[in-house]
Structure formats: C-alpha cells, structure tokens
Amino acid sequence: MGRTVVVLGGGISGLSASYHLSRAPNPPKVVLVEGSKHLGGWIRSIRGPGGAIFELGPRGIRPAGALGARTLLMVSELGLDSEVLPVRGDHPAAQNRFLYVGGALHALPSGIRGLLRPSPPFSKPLFWAGLRELTTSRGKDPDETVHSFAERRLGPEVASLAMDSLCRGVFAGNSRELSVRSCFPSLFQAEQTHRSILLGLLLGAAFSTAGRSSQPDSVLLRQARAERWSQWSLREGLEMLPQALNTHLTNRGVTILRGQPVCGLSLQAEGYWKVSLGDSCLEADHVISALPASVLSKLLPAEAAPLACVLSTISAVSVAVVNLQYRGAHLPVQGFGHLVPSSEDPGILGIVYDSVAFPEQDGSPPGLRVTVMLGGSWLQTLEASGCVLSQELFQKQAQEAAATQLGLKEPPSHCLVHLHRNCIPQYTLGHWKKLESATHFLAAHRLPLTLAGASYQGVAVNDCIESGRQAAAQALGSEIDS
C-alpha cells in the first residue's frame with residue numbers, strides 16, 4: 001500500500017498543502033480534515049443585495065515577489081485567469097494610502113519628491129528619517145520589538161505613527177510587543193546584511209529583478225508584471241480560490257472530511273499516527289498540521305509535551321470586521337484605505353475603501369463599500385473583562401468611525417458584522433526561538449509531523465499558501481522549487 005498523508009485544517013494553508021501533495025509525480029493518499037463545514041479558513045466572501053461582494057477576511061492578494069508569483073501560477077493552474085480583478089500600478093488604490101491622525105486624513109508620501117516635502121502628520125520631511133537610517137549603526141540584539149527597531153533607525157515619529165499603524169493593519173497587534181525579526185524579516189535581514197534597511201531593500205529589489213528569470217512564468221504573471229499590479233482579487237470574491245481548490249482536490253482523488261474536529265493524535269509503536277476524530281479515526285504515515293499552533297498543542301501526545309509547550313505560547317488576537325455599504329455616498333479621498341495609530345483610537349485599526357480597488361464588486365445599482373476593522377487593546381480589554389461582544393456594539397463603533405473619519409454620516413444601506421476570534425497569530429519578541437525549538441524537537445525525535453499555517457512564518461495569504469507548499473515538499477521528502 002502507498003503512503004497516507006493526513007492534512008489537518010482546511011484553511012488556505014491546508015488546501016495548499018493538499019494541492020501540492022496531489023500534484024506530486026507519485027502522490028500519496030491525501031486526506032484533508034476540517035473541523036467546520038467551511039473550507040478556506042478566514043477567506044470568506046458573501047454576496048449581498050444587488051450582487052455586491054463583501055469580504056469577511058482577506059480582500060486582496062499582492063502579486064509581488066516569488067511568493068506572489070507562485071500564488072498567481074496556482075490561480076492559472078486552477079483555471080481562474082478570467083476571474084481575476086487586478087489593481088494596476090497607476091490606479092489610486094495602488095498609489096494612495098492614508099493615516100488618520102489628529103482628526104484628519106493624511107496621504108502617505110511616495111516617490112523622491114514626496115520624501116523631500118513636509119508631509120503631515122510628520123513634523124519634518126521623511127528625507128531626514130532616511131538620512132538618520134543611513135547613518136545608524138547595526139543593532140546587536142538577536143531580536144527587537146518593531147517599535148524599538150523603528151525608533152532606533154527612523155526616529156520616534158515614524159515608530160509611533162507609521163510602524164504602529166502598520167502593525168495594527170497587518171497583525172492587529174502592538175508594535176511594542178511584536179518582533180521585527182519575525183514580523184518584518186526583510187527589514188531585519190537588510191540591517192543585518194547591509195547595516196541599513198534602505199540600502200538592503202534597494203539591493204534586494206535589484207537582485208530580485210535580476211533573478212526574475214528563475215521565477216514561475218505564465219501569461220497572467222507576465223500581465224501582472226507589465227501592468228505593475230499592486231494587488232488582485234477574484235470576481236465573486238477571494239473565496240473563489242478555496243472553492244476552486246476544493247473542486248480540484250476532489251477531482252484528483254483527495255478525501256475531504258468536513259465537520260470533523262480532530263480530538264487527538266497518538267503515535268503508534270510502528271511509527272504511524274492515529275488521528276482521532278471522535279467516533280472514528282484515521283491512520284497516517286505523515287501528518288501536516290495547518291491548525292493554529294495553540295490548537296495543535298492540545299492534540300499532541302504526552303511524548304511530544306515539550307513541543308506542545310512551545311506551541312501553546314504562540315497566541316492570537318481577535319478582530320471584528322464590519323462591512324458597510326452606502327447608497328449615493330462618496331469618499332473624501334481615493335485610495336486603498338487608511339490606518340489609525342493606537343494613539344488616535346485604540347479600537348479602530350483602519351478602514352479599507354473596497355469600492356475604490358474593486359468597483360466591479362459594488363453590485364447593481366452600485367453602492368459605496370467600505371470595511372471597518374476593529375481590534376487592538378480596546379477589543380482585548382473587552383474580551384478580558386467578559387463583556388458581551390454584541391454585533392450592535394461593533395456596528396455602532398464602525399458607523400461612528402465611518403462618519404467621523406470619512407464623513408459617511410447617513411445610515412448604511414447594508415451592514416455585516418463578524419467577530420473573528422483568535423484569527424491573527426502574534427509573533428512576539430523571541431518568536432524565532434520558538435520556531436527553532438519546534439524544528440529541533442521534530443528533527444531530534446524524527447516525528448512524521450510538519451507544521452504549516454499562519455502561526456509560524458507569515459500571516460498573509462501568500463505566506464500561508466507557501467507554508468502549505470513547503471510542508472507538502474517536506475512530507476514527500478523532496479526538494480521544493482526555488
């Protein structure tokens with residue numbers, strides 16, 4: 001009999017792992033186990049009135065770099081080229097991003113000219129922050145918080161306004177707790193290798209361009225490069241991607257079990273896993289876990305207690321997503337959206353201007369769509385206090401933010417509220433040590449277990465898809481393409 005690989009978790013990481021396993025020259029038997037009835041994890045698209053599309057999770061994917069290229073290649077392999085909605089490089093959603101500070105929207109500067117001009121909310125042109133960065137010596141610590149790193153290299157204003165907001169927008173987290181080494185590895189490596197993040201990023205971009213011939217290639221990829229796409233979505237929402245993966249996997253003989261929460265893992269004397277599913281169980285030669293680290297920690301057997309202990313310390317935060325649609329309304333600015341630093345509002349992380357990037361999803365008759373993200377210390381305090389986290393509370397906060405920050409004072413024609421509990425892992429200071437410890441334990445004990453998913457090396461969709469690809473390669477015992 002051939003080998004059996006069981007993949008735990010039907011989010012985009014688990015789907016990606018199953019996809020790459022199923023496409024191997026001699027594929028194993030693949031069983032994908034998902035505890036809920038829904039595949040795709042946090043990727044969820046809902047069709048509203050008039051056919052408008054509302055994203056409850058990720059709403060756009062970046063095509064940049066090798067990871068972005070591989071995701072677009074997967075899109076082509078799944079036959080989704082005609083469904084892609086690109087945001088080209090000359091589009092306002094690609095060029096304009098804002099910070100909401102001091103009760104006003106401020107465009108983030110771009111280009112050399114923008115760096116030389118005064119650019120509120122910063123008190124001086126950002127050129128001076130760049131000059132400071134070029135003359136700052138390399139850090140000596142093996143890790144550093146994002147805030148400390150940015151303050152040391154770019155100054156207190158950039159740290160407390162720009163990097164604070166960026167950490168809230170990407171991780172819904174606190175820049176004074178998150179690790180620069182794990183959250184922004186390109187910045188950390190640029191300083192370590194070139195002593196300067198600006199020099200490092202410039203040289204990295206040059207090498208990336210020079211090495212582009214080794215990246216995947218397709219008609220869609222060539223179009224994305226020629227038109228300098230900043231991001232893309234799919235016509236009926238990003239959930240089309242996990243739906244297409246589901247169809248593809250089923251056609252390739254992958255067994256998909258939905259509504260089957262895993263109850264436990266036990267390693268048998270013969271070296272295979274027994275995966276308990278309540279009333280039934282599976283046997284696996286290898287397990288790929290795309291579950292959150294803290295969830296997996298509760299499933300591991302006693303002999304893996306040291307690994308479980310490490311994984312249990314990788315926490316995650318909750319985010320409330322409020323989709324709003326307005327009839328006959330207009331935004332005061334055109335762009336991707338704006339972020340809000342914690343000093344301005346501890347609860348509102350930012351607002352995405354969905355209709356600017358993807359007007360094709362506005363429905364008929366079209367209505368202005370925006371998405372308000374809530375979280376941060378405000379939500380953490382509410383959760384810790386045991387308060388009732390009602391939809392009414394989140395809707396009220398979101399509508400007030402849209403009214404105050406964007407001038408959308410009329411009641412929305414449509415509203416969706418979803419609280420995603422523990423949805424974004426937090427790579428806090430020293431996260432790299434946890435990964436090193438987990439990797440060492442798995443290798444030392446030769447456990448047929450591979451870790452994948454957002455808990456480890458990136459929370460973006462591209463990162464998760466790549467983690468699934470690498471997990472599949474490890475389970476197959478093969479080298480992955482560069």
# chains A, B, ... in the order shown; residues from 1 in each chain; ligands from 1

call {"tool": "residues_around", "arguments": {"residues": "region 348-361 of chain A", "least_positions_apart": "2", "cutoff": "8 Å", "atoms": "only C-alpha atoms", "output": "ChimeraX atom specification"}}
result
/A:51-53,85,87,92-93,165,168-169,172,233,235-236,334-342,345-346,363,368-376,398,401-402

call {"tool": "write_last_selection", "arguments": {"atoms": "N, CA, C and O atoms", "output": "compact mmCIF listing (two decimals), in the first residue's frame"}}
result
# COMPACT_ATOMS: atom_id res chain seq x y z
N GLY A 51 -26.09 41.92 -5.69
CA GLY A 51 -24.91 41.21 -6.16
C GLY A 51 -23.60 41.77 -5.65
O GLY A 51 -22.53 41.35 -6.11
N ALA A 52 -23.63 42.72 -4.71
CA ALA A 52 -22.39 43.26 -4.15
C ALA A 52 -21.64 42.16 -3.40
O ALA A 52 -22.25 41.28 -2.78
N ILE A 53 -20.31 42.21 -3.45
CA ILE A 53 -19.47 41.22 -2.79
C ILE A 53 -18.87 41.82 -1.53
O ILE A 53 -18.28 42.91 -1.56
N LEU A 85 -9.45 40.14 -10.89
CA LEU A 85 -9.65 41.58 -10.93
C LEU A 85 -8.36 42.24 -10.45
O LEU A 85 -8.03 42.19 -9.27
N VAL A 87 -5.53 45.32 -9.65
CA VAL A 87 -5.35 46.74 -9.34
C VAL A 87 -4.00 47.13 -9.93
O VAL A 87 -2.95 46.75 -9.42
N PRO A 92 -5.47 54.62 -8.29
CA PRO A 92 -5.42 55.29 -6.97
C PRO A 92 -5.28 54.32 -5.79
O PRO A 92 -4.62 54.63 -4.80
N ALA A 93 -5.90 53.14 -5.91
CA ALA A 93 -5.80 52.16 -4.82
C ALA A 93 -4.38 51.60 -4.70
O ALA A 93 -4.01 51.08 -3.64
N SER A 165 0.86 51.92 13.20
CA SER A 165 -0.31 51.70 12.34
C SER A 165 -0.15 50.46 11.47
O SER A 165 -1.09 49.70 11.28
N ARG A 168 -0.78 47.35 13.39
CA ARG A 168 -2.22 47.20 13.63
C ARG A 168 -2.93 46.74 12.35
O ARG A 168 -3.84 45.91 12.40
N GLY A 169 -2.50 47.26 11.20
CA GLY A 169 -3.15 46.90 9.94
C GLY A 169 -2.86 45.48 9.49
O GLY A 169 -3.74 44.81 8.97
N ALA A 172 -2.98 43.31 13.57
CA ALA A 172 -3.91 43.76 14.62
C ALA A 172 -3.21 43.72 15.97
O ALA A 172 -3.80 43.41 17.00
N SER A 233 -7.92 40.56 -6.85
CA SER A 233 -8.97 39.77 -6.21
C SER A 233 -9.63 38.91 -7.30
O SER A 233 -9.13 38.83 -8.42
N ARG A 235 -13.52 37.83 -9.18
CA ARG A 235 -14.78 38.50 -9.49
C ARG A 235 -15.88 38.25 -8.45
O ARG A 235 -16.58 39.17 -8.06
N GLU A 236 -15.99 37.03 -7.99
CA GLU A 236 -17.02 36.72 -6.99
C GLU A 236 -16.44 36.68 -5.57
O GLU A 236 -17.04 36.10 -4.67
N GLN A 334 -9.47 59.22 -2.62
CA GLN A 334 -9.42 57.98 -3.38
C GLN A 334 -8.11 57.24 -3.06
O GLN A 334 -7.03 57.81 -3.19
N GLY A 335 -8.22 55.99 -2.66
CA GLY A 335 -7.04 55.22 -2.32
C GLY A 335 -7.42 53.84 -1.84
O GLY A 335 -8.58 53.43 -1.93
N PHE A 336 -6.42 53.11 -1.34
CA PHE A 336 -6.67 51.76 -0.83
C PHE A 336 -7.46 51.80 0.47
O PHE A 336 -8.33 50.98 0.73
N GLY A 337 -7.12 52.77 1.32
CA GLY A 337 -7.77 52.87 2.62
C GLY A 337 -6.88 53.64 3.57
O GLY A 337 -5.87 54.24 3.17
N HIS A 338 -7.24 53.65 4.84
CA HIS A 338 -6.39 54.33 5.83
C HIS A 338 -6.24 53.49 7.09
O HIS A 338 -7.10 52.68 7.43
N LEU A 339 -5.11 53.70 7.76
CA LEU A 339 -4.82 53.07 9.03
C LEU A 339 -4.90 54.11 10.14
O LEU A 339 -4.75 55.31 9.90
N VAL A 340 -5.12 53.62 11.36
CA VAL A 340 -5.29 54.50 12.51
C VAL A 340 -4.31 54.09 13.60
O VAL A 340 -4.38 52.96 14.09
N PRO A 341 -3.37 54.96 13.99
CA PRO A 341 -2.45 54.59 15.06
C PRO A 341 -3.18 54.45 16.39
O PRO A 341 -4.24 55.04 16.60
N SER A 342 -2.59 53.67 17.29
CA SER A 342 -3.24 53.40 18.59
C SER A 342 -3.42 54.66 19.41
O SER A 342 -4.35 54.76 20.21
N ASP A 345 -6.92 56.16 18.14
CA ASP A 345 -8.11 55.38 18.51
C ASP A 345 -7.65 53.96 18.83
O ASP A 345 -7.18 53.26 17.94
N PRO A 346 -7.79 53.52 20.06
CA PRO A 346 -7.30 52.19 20.43
C PRO A 346 -8.12 51.05 19.82
O PRO A 346 -7.66 49.90 19.81
N GLY A 363 -22.05 45.81 -7.01
CA GLY A 363 -23.44 45.40 -7.20
C GLY A 363 -24.19 46.35 -8.12
O GLY A 363 -23.63 47.30 -8.66
N LEU A 368 -21.41 52.36 -2.44
CA LEU A 368 -20.07 52.51 -1.89
C LEU A 368 -19.84 51.49 -0.78
O LEU A 368 -20.60 51.43 0.19
N ARG A 369 -18.78 50.68 -0.92
CA ARG A 369 -18.45 49.67 0.10
C ARG A 369 -17.17 50.05 0.83
O ARG A 369 -16.16 50.38 0.20
N VAL A 370 -17.21 50.00 2.15
CA VAL A 370 -16.01 50.15 2.97
C VAL A 370 -16.04 49.06 4.05
O VAL A 370 -17.11 48.54 4.39
N THR A 371 -14.87 48.71 4.55
CA THR A 371 -14.77 47.73 5.63
C THR A 371 -14.01 48.34 6.79
O THR A 371 -12.88 48.81 6.60
N VAL A 372 -14.63 48.33 7.95
CA VAL A 372 -14.00 48.85 9.17
C VAL A 372 -13.46 47.67 9.97
O VAL A 372 -14.18 46.71 10.25
N MET A 373 -12.18 47.76 10.34
CA MET A 373 -11.53 46.72 11.15
C MET A 373 -11.40 47.23 12.59
O MET A 373 -10.87 48.33 12.81
N LEU A 374 -11.86 46.43 13.52
CA LEU A 374 -11.77 46.80 14.94
C LEU A 374 -10.98 45.75 15.70
O LEU A 374 -11.11 44.55 15.43
N GLY A 375 -10.19 46.18 16.66
CA GLY A 375 -9.40 45.24 17.45
C GLY A 375 -8.53 45.98 18.43
O GLY A 375 -8.96 46.94 19.07
N GLY A 376 -7.26 45.57 18.52
CA GLY A 376 -6.30 46.25 19.38
C GLY A 376 -6.60 46.11 20.85
O GLY A 376 -7.36 45.24 21.29
N ALA A 398 -18.25 51.04 14.31
CA ALA A 398 -17.84 51.14 12.91
C ALA A 398 -18.53 52.31 12.21
O ALA A 398 -17.90 53.06 11.46
N ALA A 401 -17.04 55.53 13.28
CA ALA A 401 -15.73 55.74 12.66
C ALA A 401 -15.88 56.18 11.22
O ALA A 401 -15.18 57.10 10.76
N ALA A 402 -16.79 55.55 10.47
CA ALA A 402 -17.01 55.92 9.07
C ALA A 402 -17.54 57.35 8.97
O ALA A 402 -17.16 58.10 8.06

call {"tool": "residues_around", "arguments": {"residues": "Lys37 (chain A)", "least_positions_apart": "4", "cutoff": "10 Å", "atoms": "only C-alpha atoms", "output": "list in words"}}
result
Gly10, Leu257, Arg258, Gly259 and Gln260 of chain A

call {"tool": "write_last_selection", "arguments": {"atoms": "N, CA and C atoms", "output": "short mmCIF file (atom, residue, chain, number, x, y, z; two decimals), in the first residue's frame"}}
result
data_model
loop_
_atom_site.label_atom_id
_atom_site.label_comp_id
_atom_site.auth_asym_id
_atom_site.auth_seq_id
_atom_site.Cartn_x
_atom_site.Cartn_y
_atom_site.Cartn_z
N GLY A 10 -8.58 22.86 7.03
CA GLY A 10 -8.98 23.15 5.66
C GLY A 10 -8.97 24.62 5.31
N LEU A 257 -12.77 15.66 4.47
CA LEU A 257 -13.71 15.44 5.56
C LEU A 257 -14.03 16.77 6.22
N ARG A 258 -15.28 17.21 6.10
CA ARG A 258 -15.70 18.46 6.75
C ARG A 258 -16.50 18.14 8.00
N GLY A 259 -16.55 19.12 8.91
CA GLY A 259 -17.31 18.93 10.14
C GLY A 259 -16.77 17.81 11.00
N GLN A 260 -15.44 17.61 10.94
CA GLN A 260 -14.79 16.50 11.67
C GLN A 260 -13.64 17.06 12.52
#

call {"tool": "residues_around", "arguments": {"residues": "Gln189 (chain A)", "least_positions_apart": "6", "cutoff": "9 Å", "atoms": "only C-alpha atoms", "output": "MDAnalysis selection string"}}
result
chainID A and resid 181 197 200

call {"tool": "write_last_selection", "arguments": {"atoms": "N, CA, C and O atoms", "output": "CSV table (one decimal), in the first residue's frame"}}
result
chain,number,residue,atom,x,y,z
A,181,ARG,N,12.1,40.8,13.8
A,181,ARG,CA,12.8,39.7,13.1
A,181,ARG,C,11.7,38.7,12.5
A,181,ARG,O,12.0,38.2,11.4
A,197,ILE,N,18.6,49.4,6.4
A,197,ILE,CA,17.4,48.8,5.8
A,197,ILE,C,17.1,49.4,4.4
A,197,ILE,O,16.6,48.7,3.5
A,200,GLY,N,19.7,47.8,2.1
A,200,GLY,CA,19.3,46.4,2.0
A,200,GLY,C,18.1,46.2,1.1
A,200,GLY,O,18.1,45.3,0.2

call {"tool": "residues_around", "arguments": {"residues": "Gly328 (chain A)", "least_positions_apart": "3", "cutoff": "12 Å", "atoms": "only C-alpha atoms", "output": "list in words"}}
result
Gln325, Leu331, Pro365, Pro366, Gly367, Leu368, Arg369, Leu408, Lys409, Glu410, Pro411, Pro412 and Ser413 of chain A

call {"tool": "write_last_selection", "arguments": {"atoms": "N, CA and C atoms", "output": "PDB file, in the first residue's frame"}}
result
ATOM      1  N   GLN A 325     -22.181  49.324   3.420  1.00  0.00           N
ATOM      2  CA  GLN A 325     -22.456  49.818   2.068  1.00  0.00           C
ATOM      3  C   GLN A 325     -23.396  51.008   2.166  1.00  0.00           C
ATOM      4  N   LEU A 331     -16.522  59.085  -1.172  1.00  0.00           N
ATOM      5  CA  LEU A 331     -15.397  59.211  -0.255  1.00  0.00           C
ATOM      6  C   LEU A 331     -14.714  60.557  -0.428  1.00  0.00           C
ATOM      7  N   PRO A 365     -28.047  48.410  -8.253  1.00  0.00           N
ATOM      8  CA  PRO A 365     -27.243  49.603  -8.521  1.00  0.00           C
ATOM      9  C   PRO A 365     -26.033  49.657  -7.594  1.00  0.00           C
ATOM     10  N   PRO A 366     -24.923  50.246  -8.062  1.00  0.00           N
ATOM     11  CA  PRO A 366     -23.712  50.234  -7.246  1.00  0.00           C
ATOM     12  C   PRO A 366     -23.854  51.054  -5.972  1.00  0.00           C
ATOM     13  N   GLY A 367     -23.214  50.571  -4.915  1.00  0.00           N
ATOM     14  CA  GLY A 367     -23.187  51.291  -3.649  1.00  0.00           C
ATOM     15  C   GLY A 367     -21.777  51.299  -3.100  1.00  0.00           C
ATOM     16  N   LEU A 368     -21.409  52.364  -2.444  1.00  0.00           N
ATOM     17  CA  LEU A 368     -20.071  52.506  -1.892  1.00  0.00           C
ATOM     18  C   LEU A 368     -19.845  51.490  -0.776  1.00  0.00           C
ATOM     19  N   ARG A 369     -18.779  50.681  -0.916  1.00  0.00           N
ATOM     20  CA  ARG A 369     -18.453  49.671   0.095  1.00  0.00           C
ATOM     21  C   ARG A 369     -17.171  50.049   0.826  1.00  0.00           C
ATOM     22  N   LEU A 408     -19.103  59.765   6.257  1.00  0.00           N
ATOM     23  CA  LEU A 408     -20.255  58.956   5.827  1.00  0.00           C
ATOM     24  C   LEU A 408     -21.287  58.970   6.955  1.00  0.00           C
ATOM     25  N   LYS A 409     -22.076  60.023   7.006  1.00  0.00           N
ATOM     26  CA  LYS A 409     -22.947  60.258   8.159  1.00  0.00           C
ATOM     27  C   LYS A 409     -24.336  59.641   8.026  1.00  0.00           C
ATOM     28  N   GLU A 410     -24.744  59.324   6.799  1.00  0.00           N
ATOM     29  CA  GLU A 410     -26.046  58.679   6.605  1.00  0.00           C
ATOM     30  C   GLU A 410     -25.961  57.208   7.022  1.00  0.00           C
ATOM     31  N   PRO A 411     -27.084  56.633   7.488  1.00  0.00           N
ATOM     32  CA  PRO A 411     -27.053  55.207   7.845  1.00  0.00           C
ATOM     33  C   PRO A 411     -26.720  54.354   6.626  1.00  0.00           C
ATOM     34  N   PRO A 412     -25.968  53.277   6.791  1.00  0.00           N
ATOM     35  CA  PRO A 412     -25.637  52.413   5.651  1.00  0.00           C
ATOM     36  C   PRO A 412     -26.875  51.676   5.162  1.00  0.00           C
ATOM     37  N   SER A 413     -26.878  51.342   3.869  1.00  0.00           N
ATOM     38  CA  SER A 413     -27.990  50.566   3.313  1.00  0.00           C
ATOM     39  C   SER A 413     -27.830  49.083   3.623  1.00  0.00           C
TER      40      SER A 413
END

call {"tool": "select_by_dssp", "arguments": {"residues": "region 196-425 of chain A", "states": "helix (DSSP H, G or I)", "output": "number ranges by chain"}}
result
A: 197-210, 212-214, 219-226, 240-251, 293-297, 302-311, 354-357, 359-361, 376-385, 391-406

call {"tool": "closest_residue", "arguments": {"among": "A:Lys434, A:Arg59, A:Arg23, A:Arg3", "to": "Ala293 (chain A)", "atoms": "only C-alpha atoms"}}
result
A:Lys434

call {"tool": "closest_atom_pairs", "arguments": {"of": "region 39-108 of chain A", "to": "region 417-423 of chain A", "cutoff": "9 Å", "atoms": "only C-alpha atoms", "output": "JSON lines"}}
result
{"residue": "A:Trp42", "atom": "CA", "partner": "A:Cys423", "partner_atom": "CA", "distance": 7.5}
{"residue": "A:Leu56", "atom": "CA", "partner": "A:His418", "partner_atom": "CA", "distance": 7.1}
{"residue": "A:Gly57", "atom": "CA", "partner": "A:His420", "partner_atom": "CA", "distance": 8.8}

call {"tool": "residues_around", "arguments": {"residues": "region 274-287 of chain A", "least_positions_apart": "6", "cutoff": "8 Å", "atoms": "only C-alpha atoms", "output": "PyMOL selection string"}}
result
chain A and resi 3-8+260-268+448-450+475

call {"tool": "select_by_dssp", "arguments": {"residues": "region 138-349 of chain A", "states": "strand (DSSP E or B)", "output": "MDAnalysis selection string"}}
result
chainID A and resid 145 178:179 231:234 255:257 264:267 273:276 281:284 286:289 316:326 337:339 348:349

call {"tool": "atom_distance", "arguments": {"atom1": "CA of Pro185 (chain A)", "atom2": "CA of Ala150 (chain A)"}}
result
13.3 Å

call {"tool": "residues_around", "arguments": {"residues": "Gly9 (chain A)", "least_positions_apart": "3", "cutoff": "9 Å", "atoms": "only C-alpha atoms", "output": "list in words"}}
result
Ile12, Ser13, Gly14, Leu15, Leu32, Val33, Glu34, Gly35, Leu39, Gly41, Ile288, Ser289, Ala290, Leu291 and Pro292 of chain A

call {"tool": "atom_distance", "arguments": {"atom1": "CA of Asp90 (chain A)", "atom2": "CA of Ser230 (chain A)"}}
result
9.2 Å
